[in-house]
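For reference, the structure discussed in these notes is given below.
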Amino acid sequence: INAEYGKQWYQRRVRGKDEVDKLLDMYSAITAGGTRLDRNKFRDVLHNTFDMTDEILMDRVFRAFDKDMDSNLSQEEWVLGLSVFLRGTLEERVAYCFNVYDMNNDGYISREEMFQMLKNSMVKQTTEEDPDEGIKDIVELVLKKMDHDHDNRLSMDDFMKSVKEEDLLLEAFGPCLPDTKYREKFLADLESGNVILDVSQAKS
(Lines give C-alpha, C1' and ligand atoms only; values in the text may rest on other atoms or scores of the structure.)
Protein backbone atom coordinates (compact mmCIF):
# COMPACT_ATOMS: atom_id res chain seq x y z
CA ILE A 1 0.00 0.00 0.00
CA ASN A 2 1.20 3.51 -0.72
CA ALA A 3 -0.17 7.04 -0.72
CA GLU A 4 -1.00 6.98 -4.44
CA TYR A 5 -2.94 3.73 -4.08
CA GLY A 6 -4.84 5.15 -1.10
CA LYS A 7 -5.65 8.26 -3.08
CA GLN A 8 -6.94 6.32 -6.09
CA TRP A 9 -8.94 3.94 -3.86
CA TYR A 10 -10.63 6.79 -2.00
CA GLN A 11 -11.37 8.73 -5.19
CA ARG A 12 -13.49 5.87 -6.50
CA ARG A 13 -16.10 6.53 -3.81
CA VAL A 14 -16.23 10.32 -3.62
CA ARG A 15 -18.13 12.89 -5.63
CA GLY A 16 -15.54 15.66 -5.62
CA LYS A 17 -12.41 14.64 -7.46
CA ASP A 18 -10.24 16.87 -5.26
CA GLU A 19 -11.58 15.55 -1.93
CA VAL A 20 -8.53 13.38 -1.33
CA ASP A 21 -6.21 16.32 -1.99
CA LYS A 22 -8.14 18.32 0.61
CA LEU A 23 -7.78 15.49 3.12
CA LEU A 24 -4.05 15.47 2.43
CA ASP A 25 -3.94 19.26 2.86
CA MET A 26 -5.72 18.77 6.19
CA TYR A 27 -3.17 16.12 7.18
CA SER A 28 -0.35 18.50 6.28
CA ALA A 29 -1.94 21.28 8.34
CA ILE A 30 -2.38 19.05 11.39
CA THR A 31 1.15 17.67 11.20
CA ALA A 32 2.72 21.03 10.24
CA GLY A 33 3.94 19.51 7.00
CA GLY A 34 5.11 16.27 8.57
CA THR A 35 4.59 12.69 7.47
CA ARG A 36 3.36 11.19 10.75
CA LEU A 37 0.17 11.95 12.68
CA ASP A 38 0.46 10.91 16.31
CA ARG A 39 -2.22 9.58 18.64
CA ASN A 40 -2.78 12.83 20.57
CA LYS A 41 -3.32 14.98 17.50
CA PHE A 42 -5.64 12.37 16.01
CA ARG A 43 -7.67 12.28 19.21
CA ASP A 44 -7.91 16.07 19.04
CA VAL A 45 -9.37 15.72 15.54
CA LEU A 46 -11.91 13.14 16.73
CA HIS A 47 -12.91 15.36 19.64
CA ASN A 48 -12.86 18.80 18.01
CA THR A 49 -14.33 17.79 14.64
CA PHE A 50 -16.60 14.81 15.42
CA ASP A 51 -17.38 15.48 19.10
CA MET A 52 -16.13 12.07 20.20
CA THR A 53 -15.33 11.96 23.91
CA ASP A 54 -14.89 8.33 24.97
CA GLU A 55 -11.19 7.93 25.74
CA ILE A 56 -11.09 4.15 25.30
CA LEU A 57 -12.97 4.21 22.01
CA MET A 58 -10.93 7.11 20.61
CA ASP A 59 -7.80 5.08 21.33
CA ARG A 60 -9.33 2.05 19.60
CA VAL A 61 -10.31 4.17 16.57
CA PHE A 62 -6.70 5.29 16.31
CA ARG A 63 -5.58 1.65 16.38
CA ALA A 64 -8.11 0.77 13.66
CA PHE A 65 -6.59 3.47 11.43
CA ASP A 66 -2.99 2.54 12.33
CA LYS A 67 -2.66 -0.56 10.14
CA ASP A 68 1.09 -0.99 10.55
CA MET A 69 0.85 -0.44 14.34
CA ASP A 70 3.71 2.04 14.50
CA SER A 71 1.73 4.46 16.74
CA ASN A 72 1.54 7.08 13.97
CA LEU A 73 -0.77 7.55 11.01
CA SER A 74 0.84 7.91 7.60
CA GLN A 75 -0.91 9.83 4.83
CA GLU A 76 -2.28 6.64 3.31
CA GLU A 77 -3.55 5.37 6.69
CA TRP A 78 -5.26 8.74 7.20
CA VAL A 79 -6.94 8.65 3.78
CA LEU A 80 -7.91 4.99 3.86
CA GLY A 81 -9.16 5.21 7.44
CA LEU A 82 -11.31 8.24 6.69
CA SER A 83 -12.70 6.55 3.59
CA VAL A 84 -14.36 3.94 5.81
CA PHE A 85 -15.04 6.38 8.67
CA LEU A 86 -16.89 8.78 6.36
CA ARG A 87 -18.05 6.79 3.32
CA GLY A 88 -17.65 3.09 4.08
CA THR A 89 -20.00 0.41 2.81
CA LEU A 90 -21.98 -1.51 5.42
CA GLU A 91 -19.51 -4.40 5.25
CA GLU A 92 -16.54 -2.04 5.67
CA ARG A 93 -18.15 -0.28 8.62
CA VAL A 94 -19.01 -3.61 10.27
CA ALA A 95 -15.39 -4.77 9.92
CA TYR A 96 -14.14 -1.41 11.22
CA CYS A 97 -16.44 -1.40 14.28
CA PHE A 98 -15.58 -5.03 15.03
CA ASN A 99 -11.89 -4.14 14.91
CA VAL A 100 -12.49 -1.24 17.33
CA TYR A 101 -14.40 -3.45 19.78
CA ASP A 102 -11.98 -6.42 19.59
CA MET A 103 -9.71 -4.85 22.16
CA ASN A 104 -7.09 -7.60 22.34
CA ASN A 105 -7.14 -8.27 18.58
CA ASP A 106 -7.85 -11.99 18.94
CA GLY A 107 -10.67 -12.04 16.38
CA TYR A 108 -13.50 -12.10 18.93
CA ILE A 109 -15.42 -9.68 21.14
CA SER A 110 -15.42 -11.39 24.53
CA ARG A 111 -17.75 -10.96 27.49
CA GLU A 112 -14.99 -9.07 29.29
CA GLU A 113 -14.51 -6.66 26.37
CA MET A 114 -18.26 -6.04 26.13
CA PHE A 115 -18.41 -5.41 29.87
CA GLN A 116 -15.46 -2.99 29.80
CA MET A 117 -16.81 -0.95 26.88
CA LEU A 118 -20.39 -0.83 28.18
CA LYS A 119 -19.22 0.05 31.67
CA ASN A 120 -17.03 2.82 30.34
CA SER A 121 -19.96 4.41 28.48
CA MET A 122 -22.76 3.69 30.94
CA VAL A 123 -21.22 4.43 34.35
CA LYS A 124 -21.23 8.11 33.41
CA GLN A 125 -24.99 7.95 32.85
CA THR A 126 -26.19 5.94 35.83
CA THR A 127 -26.89 6.87 39.43
CA GLU A 128 -26.91 3.26 40.67
CA GLU A 129 -24.52 2.57 43.53
CA ASP A 130 -23.28 -0.62 41.85
CA PRO A 131 -23.98 -0.55 38.11
CA ASP A 132 -21.88 -3.66 37.42
CA GLU A 133 -24.76 -6.09 37.86
CA GLY A 134 -26.93 -4.13 35.44
CA ILE A 135 -24.11 -4.07 32.88
CA LYS A 136 -23.61 -7.84 33.25
CA ASP A 137 -27.32 -8.27 32.51
CA ILE A 138 -26.95 -6.16 29.36
CA VAL A 139 -23.97 -8.28 28.24
CA GLU A 140 -26.11 -11.41 28.61
CA LEU A 141 -28.90 -9.82 26.56
CA VAL A 142 -26.41 -8.79 23.86
CA LEU A 143 -24.97 -12.29 23.68
CA LYS A 144 -28.44 -13.81 23.49
CA LYS A 145 -29.24 -11.57 20.52
CA MET A 146 -25.92 -11.54 18.66
CA ASP A 147 -24.07 -14.78 19.50
CA HIS A 148 -25.42 -16.87 16.64
CA ASP A 149 -23.04 -19.80 17.10
CA HIS A 150 -23.54 -19.87 20.91
CA ASP A 151 -19.88 -19.88 21.94
CA ASN A 152 -20.27 -17.03 24.47
CA ARG A 153 -18.33 -14.51 22.37
CA LEU A 154 -18.89 -12.62 19.14
CA SER A 155 -17.03 -13.49 15.97
CA MET A 156 -16.94 -11.30 12.90
CA ASP A 157 -19.61 -13.54 11.37
CA ASP A 158 -21.85 -13.12 14.44
CA PHE A 159 -21.38 -9.37 14.33
CA MET A 160 -21.97 -9.07 10.58
CA LYS A 161 -25.12 -11.20 10.68
CA SER A 162 -26.52 -9.28 13.65
CA VAL A 163 -25.94 -5.86 12.08
CA LYS A 164 -27.49 -6.96 8.79
CA GLU A 165 -30.56 -8.07 10.76
CA GLU A 166 -30.67 -4.86 12.82
CA ASP A 167 -28.38 -2.01 11.80
CA LEU A 168 -28.64 -0.23 15.16
CA LEU A 169 -26.36 -2.95 16.53
CA LEU A 170 -23.45 -1.58 14.47
CA GLU A 171 -22.31 0.58 17.40
CA ALA A 172 -23.68 -1.67 20.14
CA PHE A 173 -20.67 -1.17 22.41
CA GLY A 174 -20.17 2.56 22.00
CA PRO A 175 -19.86 5.26 19.32
CA CYS A 176 -16.89 4.77 17.03
CA LEU A 177 -18.30 6.27 13.81
CA PRO A 178 -19.18 9.95 13.34
CA ASP A 179 -22.69 11.10 14.11
CA THR A 180 -24.52 11.92 10.86
CA LYS A 181 -24.65 15.61 11.78
CA TYR A 182 -20.89 15.89 12.24
CA ARG A 183 -20.14 13.66 9.25
CA GLU A 184 -22.24 15.82 6.91
CA LYS A 185 -20.76 19.03 8.31
CA PHE A 186 -17.24 17.69 7.88
CA LEU A 187 -17.87 16.68 4.26
CA ALA A 188 -19.54 20.03 3.48
CA ASP A 189 -16.65 21.93 5.07
CA LEU A 190 -14.17 19.73 3.24
CA GLU A 191 -15.84 20.53 -0.08
CA SER A 192 -15.82 24.25 0.67
CA GLY A 193 -12.25 24.20 1.96
CA ASN A 194 -13.16 25.30 5.49
CA VAL A 195 -12.45 22.09 7.38
CA ILE A 196 -8.80 22.91 8.13
CA LEU A 197 -9.98 25.77 10.31
CA ASP A 198 -12.05 23.34 12.36
CA VAL A 199 -9.03 21.21 13.28
CA SER A 200 -6.46 23.97 13.75
CA GLN A 201 -6.65 23.32 17.51
CA ALA A 202 -5.15 19.90 16.87
CA LYS A 203 -1.77 21.45 16.09
CA SER A 204 -1.34 22.81 19.59
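Identifiers in this document derive from the order of the C-alpha coordinates: chains are assigned A, B, ..., residues are numbered from 1 separately in each chain, and ligands are numbered from 1 in order of occurrence.
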Any idea what's packed within 9 Å of Ala95 in chain A, counting only C-alpha atoms, ignoring anything in its chain fewer than 6 positions away? Could you give it as a ChimeraX atom specification? /A:156,159-160
Contacts between range 186-195 of chain A and range 35-143 of chain A, please, where a residue of range 35-143 of chain A counts if it comes within 10 Å (with only C-alpha atoms); show its shortest atom pair and distance in Å to one decimal, rows by chain and ascending number, as JSON lines.
```
{"residue": "A:Thr49", "atom": "CA", "partner": "A:Phe186", "partner_atom": "CA", "distance": 7.4}
{"residue": "A:Phe50", "atom": "CA", "partner": "A:Phe186", "partner_atom": "CA", "distance": 8.1}
{"residue": "A:Leu86", "atom": "CA", "partner": "A:Leu187", "partner_atom": "CA", "distance": 8.2}
{"residue": "A:Arg87", "atom": "CA", "partner": "A:Leu187", "partner_atom": "CA", "distance": 9.9}
```
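Using only C-alpha atoms for every distance, the candidate list A:Asp66, A:Asp59, A:Asp158, A:Glu171 yields A:Asp158 as the residue closest to Met146 in chain A.
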What's the separation between CA of Ile138 in chain A and CA of Phe115 in chain A, in Å to one decimal place?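 Those two atoms sit 8.6 Å apart.
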Spatial neighbours of His148 in chain A, 10 Å, only C-alpha atoms, chain gap at least 5 places, as a PyMOL selection string: chain A and resi 143+153-155+157-159+161-162
Which residue is closest to Val84 in chain A? Choose from A:Asp18, A:Gly34, A:Pro178, A:Lys164 and count only C-alpha atoms. A:Pro178
Near-Ala64 in chain A list (8 Å; only C-alpha atoms; drop same-chain fewer than 2 positions) as number ranges by chain: A: 60-62, 66-67, 81, 96, 99-100
For the structure I just gave you, how does DSSP split range 77-140 of chain A - specifically, which residues are alpha helix (DSSP H)? Reply as number ranges by chain. A: 77-87, 90-101, 111-122, 132-140
Please measure the separation of CA of Ser121 in chain A and CA of Leu168 in chain A, giving the value in Å to one decimal.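 CA of Leu168 in chain A lies at a distance of 16.6 Å from CA of Ser121 in chain A.
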Would you give me, as a list in words, the residues in chain A that DSSP reads as strand (DSSP E)?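 After running DSSP on the backbone, chain A has strand (DSSP E) at Leu37, Asp38, Asn72, Leu73, Tyr108, Ile109, Leu154 and Ser155 of chain A.
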Would you compute the distance between CA of Lys181 in chain A and CA of Val45 in chain A? Give it in Å to one decimal.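 Between CA of Lys181 in chain A and CA of Val45 in chain A the gap is 15.7 Å.
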Please determine, counting only C-alpha atoms, which residue among A:Lys22, A:Glu92, A:Val139, A:Asn120 has the shortest atom-to-atom distance to Thr53 in chain A.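 Between A:Lys22, A:Glu92, A:Val139, A:Asn120, the residue approaching Thr53 in chain A most closely is A:Asn120.
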For Met117 in chain A, which of A:Arg43, A:Ser74, A:Glu55, A:Arg183 is the closest residue, counting only C-alpha atoms?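 Closest residue, counting only C-alpha atoms: A:Glu55.
The residue that comes closest to Ser28 in chain A, out of A:Asp147, A:Cys176, A:Leu73, A:His47 and on the basis of only C-alpha atoms, is A:Leu73.
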Which neighbours of Glu112 in chain A fall inside 12 Å, counting only C-alpha atoms, when residues of the same chain fewer than 2 positions from it are skipped, and could you give them as a CSV table (one decimal) with all heavy atoms, in the first residue's frame?
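Saved the output as out_7.csv:
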```
chain,number,residue,atom,x,y,z
A,101,TYR,N,-13.9,-2.8,18.6
A,101,TYR,CA,-14.4,-3.5,19.8
A,101,TYR,C,-13.6,-4.7,20.2
A,101,TYR,O,-13.6,-5.1,21.4
A,101,TYR,CB,-15.9,-3.9,19.6
A,101,TYR,CG,-16.8,-2.8,19.3
A,101,TYR,CD1,-17.9,-3.0,18.4
A,101,TYR,CD2,-16.7,-1.5,19.9
A,101,TYR,CE1,-18.8,-1.9,18.2
A,101,TYR,CE2,-17.6,-0.5,19.6
A,101,TYR,CZ,-18.6,-0.7,18.8
A,101,TYR,OH,-19.5,0.3,18.5
A,102,ASP,N,-12.8,-5.3,19.3
A,102,ASP,CA,-12.0,-6.4,19.6
A,102,ASP,C,-10.7,-5.9,20.2
A,102,ASP,O,-9.7,-5.8,19.6
A,102,ASP,CB,-11.7,-7.2,18.3
A,102,ASP,CG,-10.7,-8.4,18.5
A,102,ASP,OD1,-10.5,-8.8,19.7
A,102,ASP,OD2,-10.2,-8.9,17.5
A,103,MET,N,-10.8,-5.6,21.5
A,103,MET,CA,-9.7,-4.8,22.2
A,103,MET,C,-8.4,-5.6,22.2
A,103,MET,O,-7.3,-4.9,22.3
A,103,MET,CB,-10.2,-4.4,23.6
A,103,MET,CG,-11.4,-3.6,23.5
A,103,MET,SD,-12.0,-3.0,25.1
A,103,MET,CE,-10.8,-1.7,25.4
A,104,ASN,N,-8.4,-6.9,22.3
A,104,ASN,CA,-7.1,-7.6,22.3
A,104,ASN,C,-6.7,-8.2,21.0
A,104,ASN,O,-5.8,-9.0,20.9
A,104,ASN,CB,-7.1,-8.7,23.4
A,104,ASN,CG,-8.1,-9.8,23.1
A,104,ASN,OD1,-8.8,-9.7,22.2
A,104,ASN,ND2,-8.1,-10.8,24.0
A,108,TYR,N,-12.2,-11.9,18.3
A,108,TYR,CA,-13.5,-12.1,18.9
A,108,TYR,C,-13.8,-10.9,19.9
A,108,TYR,O,-12.8,-10.3,20.4
A,108,TYR,CB,-13.5,-13.4,19.8
A,108,TYR,CG,-13.4,-14.6,18.9
A,108,TYR,CD1,-12.2,-15.2,18.7
A,108,TYR,CD2,-14.5,-15.2,18.4
A,108,TYR,CE1,-12.0,-16.4,18.0
A,108,TYR,CE2,-14.4,-16.4,17.6
A,108,TYR,CZ,-13.2,-17.0,17.4
A,108,TYR,OH,-13.1,-18.1,16.6
A,109,ILE,N,-15.0,-10.6,20.1
A,109,ILE,CA,-15.4,-9.7,21.1
A,109,ILE,C,-15.9,-10.5,22.3
A,109,ILE,O,-16.9,-11.2,22.2
A,109,ILE,CB,-16.5,-8.7,20.7
A,109,ILE,CG1,-16.1,-8.0,19.4
A,109,ILE,CG2,-16.8,-7.7,21.8
A,109,ILE,CD1,-17.2,-7.2,18.8
A,110,SER,N,-15.1,-10.5,23.4
A,110,SER,CA,-15.4,-11.4,24.5
A,110,SER,C,-16.4,-10.7,25.5
A,110,SER,O,-16.7,-9.5,25.4
A,110,SER,CB,-14.1,-11.7,25.3
A,110,SER,OG,-13.6,-10.5,25.9
A,114,MET,N,-16.9,-6.7,26.1
A,114,MET,CA,-18.3,-6.0,26.1
A,114,MET,C,-18.5,-5.3,27.4
A,114,MET,O,-18.9,-4.2,27.5
A,114,MET,CB,-19.4,-7.1,26.0
A,114,MET,CG,-19.4,-7.8,24.6
A,114,MET,SD,-20.7,-9.0,24.6
A,114,MET,CE,-20.0,-10.3,23.5
A,115,PHE,N,-18.2,-6.0,28.5
A,115,PHE,CA,-18.4,-5.4,29.9
A,115,PHE,C,-17.6,-4.1,30.0
A,115,PHE,O,-18.1,-3.1,30.5
A,115,PHE,CB,-18.0,-6.4,31.0
A,115,PHE,CG,-18.2,-5.9,32.4
A,115,PHE,CD1,-19.5,-5.9,33.0
A,115,PHE,CD2,-17.2,-5.3,33.0
A,115,PHE,CE1,-19.7,-5.5,34.3
A,115,PHE,CE2,-17.3,-4.8,34.3
A,115,PHE,CZ,-18.6,-4.9,34.9
A,116,GLN,N,-16.3,-4.2,29.6
A,116,GLN,CA,-15.5,-3.0,29.8
A,116,GLN,C,-16.0,-1.8,29.0
A,116,GLN,O,-16.0,-0.7,29.5
A,116,GLN,CB,-14.0,-3.3,29.4
A,116,GLN,CG,-13.1,-2.1,29.6
A,116,GLN,CD,-11.6,-2.5,29.3
A,116,GLN,OE1,-11.3,-3.7,29.2
A,116,GLN,NE2,-10.8,-1.5,29.2
A,117,MET,N,-16.4,-2.1,27.7
A,117,MET,CA,-16.8,-0.9,26.9
A,117,MET,C,-18.2,-0.4,27.3
A,117,MET,O,-18.4,0.8,27.4
A,117,MET,CB,-16.9,-1.4,25.4
A,117,MET,CG,-15.5,-1.6,24.8
A,117,MET,SD,-15.5,-2.1,23.1
A,117,MET,CE,-16.1,-3.8,23.2
A,118,LEU,N,-19.1,-1.3,27.7
A,118,LEU,CA,-20.4,-0.8,28.2
A,118,LEU,C,-20.3,-0.1,29.5
A,118,LEU,O,-20.9,0.9,29.7
A,118,LEU,CB,-21.3,-2.0,28.3
A,118,LEU,CG,-21.8,-2.6,27.0
A,118,LEU,CD1,-22.6,-3.9,27.2
A,118,LEU,CD2,-22.7,-1.6,26.2
A,119,LYS,N,-19.4,-0.6,30.4
A,119,LYS,CA,-19.2,0.0,31.7
A,119,LYS,C,-18.6,1.4,31.5
A,119,LYS,O,-19.1,2.4,32.1
A,119,LYS,CB,-18.3,-0.8,32.6
A,119,LYS,CG,-18.1,-0.2,34.0
A,119,LYS,CD,-17.3,-1.1,34.9
A,119,LYS,CE,-17.1,-0.5,36.2
A,119,LYS,NZ,-16.4,-1.3,37.2
A,132,ASP,N,-22.5,-2.5,38.1
A,132,ASP,CA,-21.9,-3.7,37.4
A,132,ASP,C,-22.9,-4.8,37.1
A,132,ASP,O,-22.8,-5.4,36.1
A,132,ASP,CB,-20.7,-4.2,38.3
A,132,ASP,CG,-19.5,-3.4,38.2
A,132,ASP,OD1,-19.6,-2.3,37.6
A,132,ASP,OD2,-18.4,-3.8,38.7
A,135,ILE,N,-24.9,-4.0,34.1
A,135,ILE,CA,-24.1,-4.1,32.9
A,135,ILE,C,-23.9,-5.5,32.5
A,135,ILE,O,-24.0,-5.9,31.3
A,135,ILE,CB,-22.7,-3.4,33.1
A,135,ILE,CG1,-23.0,-1.9,33.2
A,135,ILE,CG2,-21.9,-3.6,31.8
A,135,ILE,CD1,-21.7,-1.1,33.7
A,136,LYS,N,-23.7,-6.4,33.5
A,136,LYS,CA,-23.6,-7.8,33.2
A,136,LYS,C,-24.9,-8.4,32.6
A,136,LYS,O,-24.9,-9.2,31.7
A,136,LYS,CB,-23.3,-8.6,34.5
A,136,LYS,CG,-21.9,-8.4,35.1
A,136,LYS,CD,-21.7,-9.1,36.4
A,136,LYS,CE,-20.3,-8.8,37.0
A,136,LYS,NZ,-20.1,-9.5,38.3
A,139,VAL,N,-24.9,-7.4,29.0
A,139,VAL,CA,-24.0,-8.3,28.2
A,139,VAL,C,-24.7,-9.6,27.9
A,139,VAL,O,-24.6,-10.1,26.8
A,139,VAL,CB,-22.7,-8.5,29.0
A,139,VAL,CG1,-21.9,-9.7,28.4
A,139,VAL,CG2,-21.8,-7.3,29.1
A,140,GLU,N,-25.4,-10.2,28.9
A,140,GLU,CA,-26.1,-11.4,28.6
A,140,GLU,C,-27.2,-11.2,27.5
A,140,GLU,O,-27.4,-12.1,26.7
A,140,GLU,CB,-26.7,-11.9,29.9
A,140,GLU,CG,-25.7,-12.4,31.0
A,140,GLU,CD,-24.7,-13.4,30.4
A,140,GLU,OE1,-25.1,-14.3,29.8
A,140,GLU,OE2,-23.5,-13.2,30.7
A,143,LEU,N,-25.4,-11.0,24.1
A,143,LEU,CA,-25.0,-12.3,23.7
A,143,LEU,C,-26.1,-13.1,23.2
A,143,LEU,O,-26.1,-13.8,22.1
A,143,LEU,CB,-24.3,-13.0,24.8
A,143,LEU,CG,-22.8,-12.7,25.0
A,143,LEU,CD1,-22.3,-13.2,26.3
A,143,LEU,CD2,-21.9,-13.1,23.9
A,152,ASN,N,-20.5,-18.0,23.4
A,152,ASN,CA,-20.3,-17.0,24.5
A,152,ASN,C,-19.3,-15.9,24.1
A,152,ASN,O,-18.6,-15.4,25.0
A,152,ASN,CB,-19.9,-17.7,25.8
A,152,ASN,CG,-21.0,-18.6,26.3
A,152,ASN,OD1,-22.1,-18.1,26.5
A,152,ASN,ND2,-20.7,-19.8,26.7
A,153,ARG,N,-19.1,-15.6,22.9
A,153,ARG,CA,-18.3,-14.5,22.4
A,153,ARG,C,-18.8,-14.2,21.0
A,153,ARG,O,-19.6,-15.0,20.4
A,153,ARG,CB,-16.9,-14.9,22.4
A,153,ARG,CG,-16.5,-16.1,21.5
A,153,ARG,CD,-15.1,-16.5,21.6
A,153,ARG,NE,-14.8,-17.7,20.7
A,153,ARG,CZ,-13.6,-18.2,20.6
A,153,ARG,NH1,-12.6,-17.7,21.3
A,153,ARG,NH2,-13.4,-19.3,19.8
A,154,LEU,N,-18.4,-13.0,20.5
A,154,LEU,CA,-18.9,-12.6,19.1
A,154,LEU,C,-17.8,-12.7,18.1
A,154,LEU,O,-16.7,-12.1,18.3
A,154,LEU,CB,-19.4,-11.2,19.2
A,154,LEU,CG,-20.6,-10.9,20.1
A,154,LEU,CD1,-21.1,-9.5,19.9
A,154,LEU,CD2,-21.8,-11.9,19.8
A,173,PHE,N,-21.5,-1.3,21.3
A,173,PHE,CA,-20.7,-1.2,22.4
A,173,PHE,C,-20.1,0.2,22.6
A,173,PHE,O,-19.1,0.4,23.3
A,173,PHE,CB,-19.6,-2.2,22.4
A,173,PHE,CG,-20.1,-3.6,22.2
A,173,PHE,CD1,-20.0,-4.3,21.0
A,173,PHE,CD2,-20.9,-4.2,23.2
A,173,PHE,CE1,-20.5,-5.6,20.9
A,173,PHE,CE2,-21.4,-5.5,23.1
A,173,PHE,CZ,-21.3,-6.2,21.9
```
